[in-house]
Amino acid sequence: MEPKKYMNPYLAGLFLGFVLLATIYITGRGLGASGGIKSIALYGVENVAPEHFENVEYYQDYTKSHEGSPLNSWLFYEIVGVVIGAFISGIISNRVALKLEKGPSITNKSRLIFAVLGGILFGFGSQLGRGCTSGSALSGMAVMSFGGIITMIAIFGGAYMFAYFFRKLWLNQEA
Amino acid sequence: MAPLVPYFISPEFNFVIALIVGIGFGYALEQAGFSSTRKLVGLFYGYDFTVLKVFFTAGVTAMTGVLVLGHLGLLDLNLIYINPTYVNAAIVGGIIMGAGFIIGGFCPGTSLCAAAVGRIDAFAFIVGSVIGIFIFMEGFGAFEGLYTANFIGAPTMGEMLGMSPEMFGILLTLVAVIAFILTGKLEDKINGRETTISKERKLVYASITVIPVVLIMLIWITPSRKEMLWNEAETAAQSADFEVKTMDIDQLAFELVHHSHEYNIIDVRDTAAFKTTIPSAINVPLWEMDSPAWTSVYKQPYKKNVFVGDFSLNVRKAAALARLLGDKDPIILVGTVPEFREVIFNPVQPAADADKHELDTFRFREDAKIKLIRMEERLKNLRQPVKKVVVKAEGGCA
């Protein structure tokens, strides 16, 4: 079976907007993603190197302001939901398949290497910028936060700035 | 009044909410095509502007909704989480994220969606994100300076640009619509195709665009629920027809001595003045009276609320507000708090030829003084002024 067409982007945006609005109405906060991944990183450190977790100031501060396991956080439950929701959508639209997506001019191996590299940068940047495209840019726009909107401009501006240098990753080009 | 957490929904159940809204979030992202890295990156090479369309539509929808709910008094905009602004970290962090976006082809949310439908490169991106976050946490000492530099609080765009939130809302909506039109043309040019949008379609899009603009305009010109509440209280307090039960100083002293458990004395002056007040009074400064934390005090049926202060108009306004907020039968003290203290705590010895009534009053005040001082002493150790703290929503992503 062929994968179904994507939803009309404006309709998808409207739907997403209402999900975000409901979140703000119910919980007073917006959506997020990188924070949930941070919970995973914290959980990893706590379980792989418990002594280190107890002794380093950054983790101590975290433990002070958060009760229980790092996985017992709002954003972690939320990203579990994200995975479930995306999976349901994938099933409905026939898009679930174990595969790799990349630009036409690079190999699978380099795609994976660059994906890890990009992840490292994004993960790092999300911590420095206090939130990623979801928590800072999108949720920030909904509440008209100045910080959220300058982060958004920096993310998209940054991506445009670097786009030229990494065009080989994505476009069909003879080297 | 929302947000529903923590007053209407417990923080524990909030985790269930997280899971549910997460499902909606993930579903929306995947349906929009954000599980495809090439679709995402298309934004930066101009062949696919889906991200921009979805992102701005969602942002404008949620923003309009927040403005409308706030205006109707259904959502307390002072309590929702506004991302704090650390200018340097926001910009540097954002640019690093931008680089991560173009190199890795995802952002954290979209990588989760792509992984959920089995994209192997998305798993690689998530592993990378965990490593990146780990590096930040481990090296925090080195980045702390940049992380905390140039903190300017949590301003909104309106505040920064010196315009009303409604004005900014309309501007953002217009910018979004113009971006949709221009990028649509650019997309066609880059892909070498021509999309013709039927007239009906155009009409649909145009009318949908009008909705947020009209809604925000309406908000702009009509008074908000909060403004209406204060205006109504103001008018009522100034009107001669405003009917409210009153008590004079001796009556209040009598009630306090004999039935203090039946009354809530609410001092509406500011906290500095409240240091010397009427025994057993709690402090709810006038301008904080409409805070949701206090409505339960006005609505409770067990005690009568007596409003006291230093200006008769303010006390009347407080009683009017309390009535609007659910107090069926507010009482106001005739006379100010300092007058109360003066009359009861420094009773004036009546003249030698005083009549019986004056002598009785004096004796009553002498007696009340002893009892009320005792009460004040007792309560001093028992109670700190009741302080209701309104819980602000926590949020953010870091």
# chains A, B, ... in the order shown; residues from 1 in each chain; ligands from 1
$ residues_around --residues "Val257 (chain B)" --least-positions-apart "5" --cutoff "9 Å" --atoms "only C-alpha atoms" --output "JSON, numbers by chain"
{"B": [252, 368, 371, 372, 375]}
$ select_by_dssp --residues "region 21-159 of chain A" --states "alpha helix (DSSP H)" --output "PyMOL selection string"
chain A and resi 21-27+34-48+50-55+57-65+74-92+108-128+139-142+146-159
$ atom_distance --atom1 "CA of Ala18 (chain B)" --atom2 "CA of Ile102 (chain B)"
29.1 Å
$ closest_atom_pairs --of "region 198-297 of chain B" --to "region 328-335 of chain B" --cutoff "9 Å" --atoms "only C-alpha atoms" --output "Markdown table"
| residue | atom | partner | partner_atom | distance |
| --- | --- | --- | --- | --- |
| B:Val244 | CA | B:Ile331 | CA | 6.3 |
| B:Lys245 | CA | B:Ile331 | CA | 4.8 |
| B:Thr246 | CA | B:Ile332 | CA | 4.8 |
| B:Met247 | CA | B:Leu333 | CA | 5.0 |
| B:Asp248 | CA | B:Val334 | CA | 5.0 |
| B:Ile249 | CA | B:Val334 | CA | 6.8 |
| B:Leu252 | CA | B:Leu333 | CA | 7.6 |
$ residues_around --residues "region 294-305 of chain B" --least-positions-apart "6" --cutoff "10 Å" --atoms "only C-alpha atoms" --output "list in words"
Ser260, His261, Glu262, Tyr263, Asn264, Ile265, Ile266, Val284, Glu288, Ala319, Leu321, Ala322, Arg323, Leu324, Leu325, Gly326, Asp327, Lys328, Asp329, Pro330, Ile331, Ile332, Lys387, Lys388, Val389 and Val390 of chain B
$ write_last_selection --atoms "N, CA and C atoms" --output "mmCIF file, in the first residue's frame"
data_model
loop_
_atom_site.group_PDB
_atom_site.id
_atom_site.type_symbol
_atom_site.label_atom_id
_atom_site.label_comp_id
_atom_site.auth_asym_id
_atom_site.auth_seq_id
_atom_site.Cartn_x
_atom_site.Cartn_y
_atom_site.Cartn_z
ATOM 1 N N SER B 260 -15.666 36.374 67.668
ATOM 2 C CA SER B 260 -14.614 36.597 66.668
ATOM 3 C C SER B 260 -14.564 35.484 65.618
ATOM 4 N N HIS B 261 -15.005 34.280 65.996
ATOM 5 C CA HIS B 261 -14.933 33.159 65.045
ATOM 6 C C HIS B 261 -15.944 33.293 63.908
ATOM 7 N N GLU B 262 -16.871 34.245 64.045
ATOM 8 C CA GLU B 262 -17.866 34.373 62.971
ATOM 9 C C GLU B 262 -17.437 35.335 61.879
ATOM 10 N N TYR B 263 -16.293 35.981 62.089
ATOM 11 C CA TYR B 263 -15.912 37.031 61.144
ATOM 12 C C TYR B 263 -14.522 36.829 60.553
ATOM 13 N N ASN B 264 -14.407 37.202 59.336
ATOM 14 C CA ASN B 264 -13.110 37.341 58.665
ATOM 15 C C ASN B 264 -12.866 38.829 58.534
ATOM 16 N N ILE B 265 -11.859 39.344 59.175
ATOM 17 C CA ILE B 265 -11.562 40.748 58.976
ATOM 18 C C ILE B 265 -10.552 40.828 57.832
ATOM 19 N N ILE B 266 -10.906 41.542 56.791
ATOM 20 C CA ILE B 266 -10.004 41.623 55.633
ATOM 21 C C ILE B 266 -9.511 43.057 55.478
ATOM 22 N N VAL B 284 -5.462 41.427 52.389
ATOM 23 C CA VAL B 284 -5.645 41.218 50.947
ATOM 24 C C VAL B 284 -5.619 42.611 50.309
ATOM 25 N N GLU B 288 -4.974 43.220 44.702
ATOM 26 C CA GLU B 288 -4.790 41.775 44.551
ATOM 27 C C GLU B 288 -6.098 41.025 44.765
ATOM 28 N N ALA B 319 -15.586 45.867 48.904
ATOM 29 C CA ALA B 319 -16.830 45.126 49.159
ATOM 30 C C ALA B 319 -17.555 44.852 47.844
ATOM 31 N N LEU B 321 -16.171 44.561 44.878
ATOM 32 C CA LEU B 321 -15.427 43.508 44.173
ATOM 33 C C LEU B 321 -15.760 42.146 44.762
ATOM 34 N N ALA B 322 -15.729 42.077 46.087
ATOM 35 C CA ALA B 322 -15.995 40.796 46.747
ATOM 36 C C ALA B 322 -17.378 40.293 46.364
ATOM 37 N N ARG B 323 -18.333 41.215 46.290
ATOM 38 C CA ARG B 323 -19.678 40.808 45.919
ATOM 39 C C ARG B 323 -19.690 40.269 44.490
ATOM 40 N N LEU B 324 -18.999 40.950 43.593
ATOM 41 C CA LEU B 324 -18.931 40.479 42.205
ATOM 42 C C LEU B 324 -18.233 39.130 42.111
ATOM 43 N N LEU B 325 -17.318 38.880 43.055
ATOM 44 C CA LEU B 325 -16.547 37.638 43.006
ATOM 45 C C LEU B 325 -17.184 36.538 43.853
ATOM 46 N N GLY B 326 -18.377 36.790 44.387
ATOM 47 C CA GLY B 326 -19.098 35.683 45.015
ATOM 48 C C GLY B 326 -19.411 35.849 46.490
ATOM 49 N N ASP B 327 -19.059 36.989 47.105
ATOM 50 C CA ASP B 327 -19.418 37.197 48.506
ATOM 51 C C ASP B 327 -20.855 37.727 48.558
ATOM 52 N N LYS B 328 -21.772 36.929 49.174
ATOM 53 C CA LYS B 328 -23.181 37.324 49.138
ATOM 54 C C LYS B 328 -23.434 38.552 50.000
ATOM 55 N N ASP B 329 -22.698 38.647 51.124
ATOM 56 C CA ASP B 329 -23.071 39.670 52.087
ATOM 57 C C ASP B 329 -21.845 40.326 52.744
ATOM 58 N N PRO B 330 -21.106 41.096 51.969
ATOM 59 C CA PRO B 330 -19.919 41.713 52.571
ATOM 60 C C PRO B 330 -20.331 42.832 53.537
ATOM 61 N N ILE B 331 -19.477 43.053 54.523
ATOM 62 C CA ILE B 331 -19.742 44.108 55.504
ATOM 63 C C ILE B 331 -18.564 45.069 55.433
ATOM 64 N N ILE B 332 -18.821 46.378 55.594
ATOM 65 C CA ILE B 332 -17.673 47.273 55.654
ATOM 66 C C ILE B 332 -17.658 48.011 56.997
ATOM 67 N N LYS B 387 -0.976 34.109 54.050
ATOM 68 C CA LYS B 387 -0.425 34.546 52.775
ATOM 69 C C LYS B 387 -0.786 33.492 51.756
ATOM 70 N N LYS B 388 -1.617 33.852 50.818
ATOM 71 C CA LYS B 388 -1.939 32.879 49.774
ATOM 72 C C LYS B 388 -0.994 33.090 48.611
ATOM 73 N N VAL B 389 -0.299 32.044 48.263
ATOM 74 C CA VAL B 389 0.630 32.173 47.154
ATOM 75 C C VAL B 389 -0.017 31.574 45.917
ATOM 76 N N VAL B 390 -0.024 32.325 44.851
ATOM 77 C CA VAL B 390 -0.575 31.822 43.605
ATOM 78 C C VAL B 390 0.522 31.042 42.907
#
$ atom_distance --atom1 "CA of Lys380 (chain B)" --atom2 "CA of Asn283 (chain B)"
14.2 Å
$ residues_around --residues "Gly131 (chain A)" --least-positions-apart "2" --cutoff "12 Å" --atoms "only C-alpha atoms" --output "PyMOL selection string"
(chain A and resi 30-38+75+122-129+133-140+147-152+155) or (chain B and resi 83-86+89-91+93-94+97+107-109+133+395-398)
$ closest_residue --among "A:Ala86, A:Leu14, A:Leu71, A:Val45" --to "Tyr59 (chain A)" --atoms "only C-alpha atoms"
A:Val45
$ residues_around --residues "Trp287 (chain B)" --least-positions-apart "6" --cutoff "12 Å" --atoms "only C-alpha atoms" --output "list in words"
Lys226, Leu229, Trp230, Ala233, Val268, Arg269, Asp270, Thr271, Trp294, Asn314, Val315, Lys317, Ala318, Leu321 and Ala322 of chain B
$ select_by_dssp --residues "region 175-340 of chain B" --states "strand (DSSP E)" --output "ChimeraX atom specification"
/B:245-247,263-267,282-283,304-308,331-333
$ atom_distance --atom1 "CA of Phe362 (chain B)" --atom2 "CA of Arg378 (chain B)"
24.3 Å
$ closest_residue --among "A:Ala154, A:Met161, A:Ile92, A:Ala22" --to "chain B" --atoms "only C-alpha atoms"
A:Ala154
$ closest_residue --among "A:Tyr43, A:Phe146, A:Trp170, A:Tyr62" --to "Leu161 (chain B)" --atoms "only C-alpha atoms"
A:Phe146
$ closest_residue --among "B:Asp355, B:Thr196, B:Gly132, B:Tyr45" --to "Ala159 (chain A)" --atoms "only C-alpha atoms"
B:Tyr45
$ residues_around --residues "Met63 (chain B)" --least-positions-apart "2" --cutoff "9 Å" --atoms "only C-alpha atoms" --output "PyMOL selection string"
(chain A and resi 17+21+141-144) or (chain B and resi 58-61+65-68+169)
$ write_last_selection --atoms "C-alpha atoms" --output "CSV table (one decimal), in the first residue's frame"
chain,number,residue,atom,x,y,z
A,17,GLY,CA,-2.2,25.1,17.5
A,21,LEU,CA,-3.6,26.0,23.3
A,141,MET,CA,5.4,32.3,20.1
A,142,ALA,CA,2.1,31.3,21.6
A,143,VAL,CA,2.7,33.3,24.7
A,144,MET,CA,4.5,36.1,22.7
B,58,ALA,CA,0.1,26.7,14.9
B,59,GLY,CA,1.8,29.6,16.5
B,60,VAL,CA,-0.8,32.1,15.4
B,61,THR,CA,-3.7,29.8,16.3
B,65,GLY,CA,-6.5,31.5,21.6
B,66,VAL,CA,-4.4,32.6,24.5
B,67,LEU,CA,-5.4,36.2,23.9
B,68,VAL,CA,-9.1,35.4,23.6
B,169,GLY,CA,-0.8,39.6,17.5
$ closest_residue --among "B:Met1, B:Val348, B:Leu171, B:Ile95" --to "chain A" --atoms "only C-alpha atoms"
B:Ile95
$ residues_around --residues "region 122-128 of chain B" --least-positions-apart "3" --cutoff "8 Å" --atoms "only C-alpha atoms" --output "NGL selection string"
(:A and (37 or 112-113 or 115-121 or 123)) or (:B and (104 or 106 or 108 or 111-112 or 114-115 or 119 or 131-132))
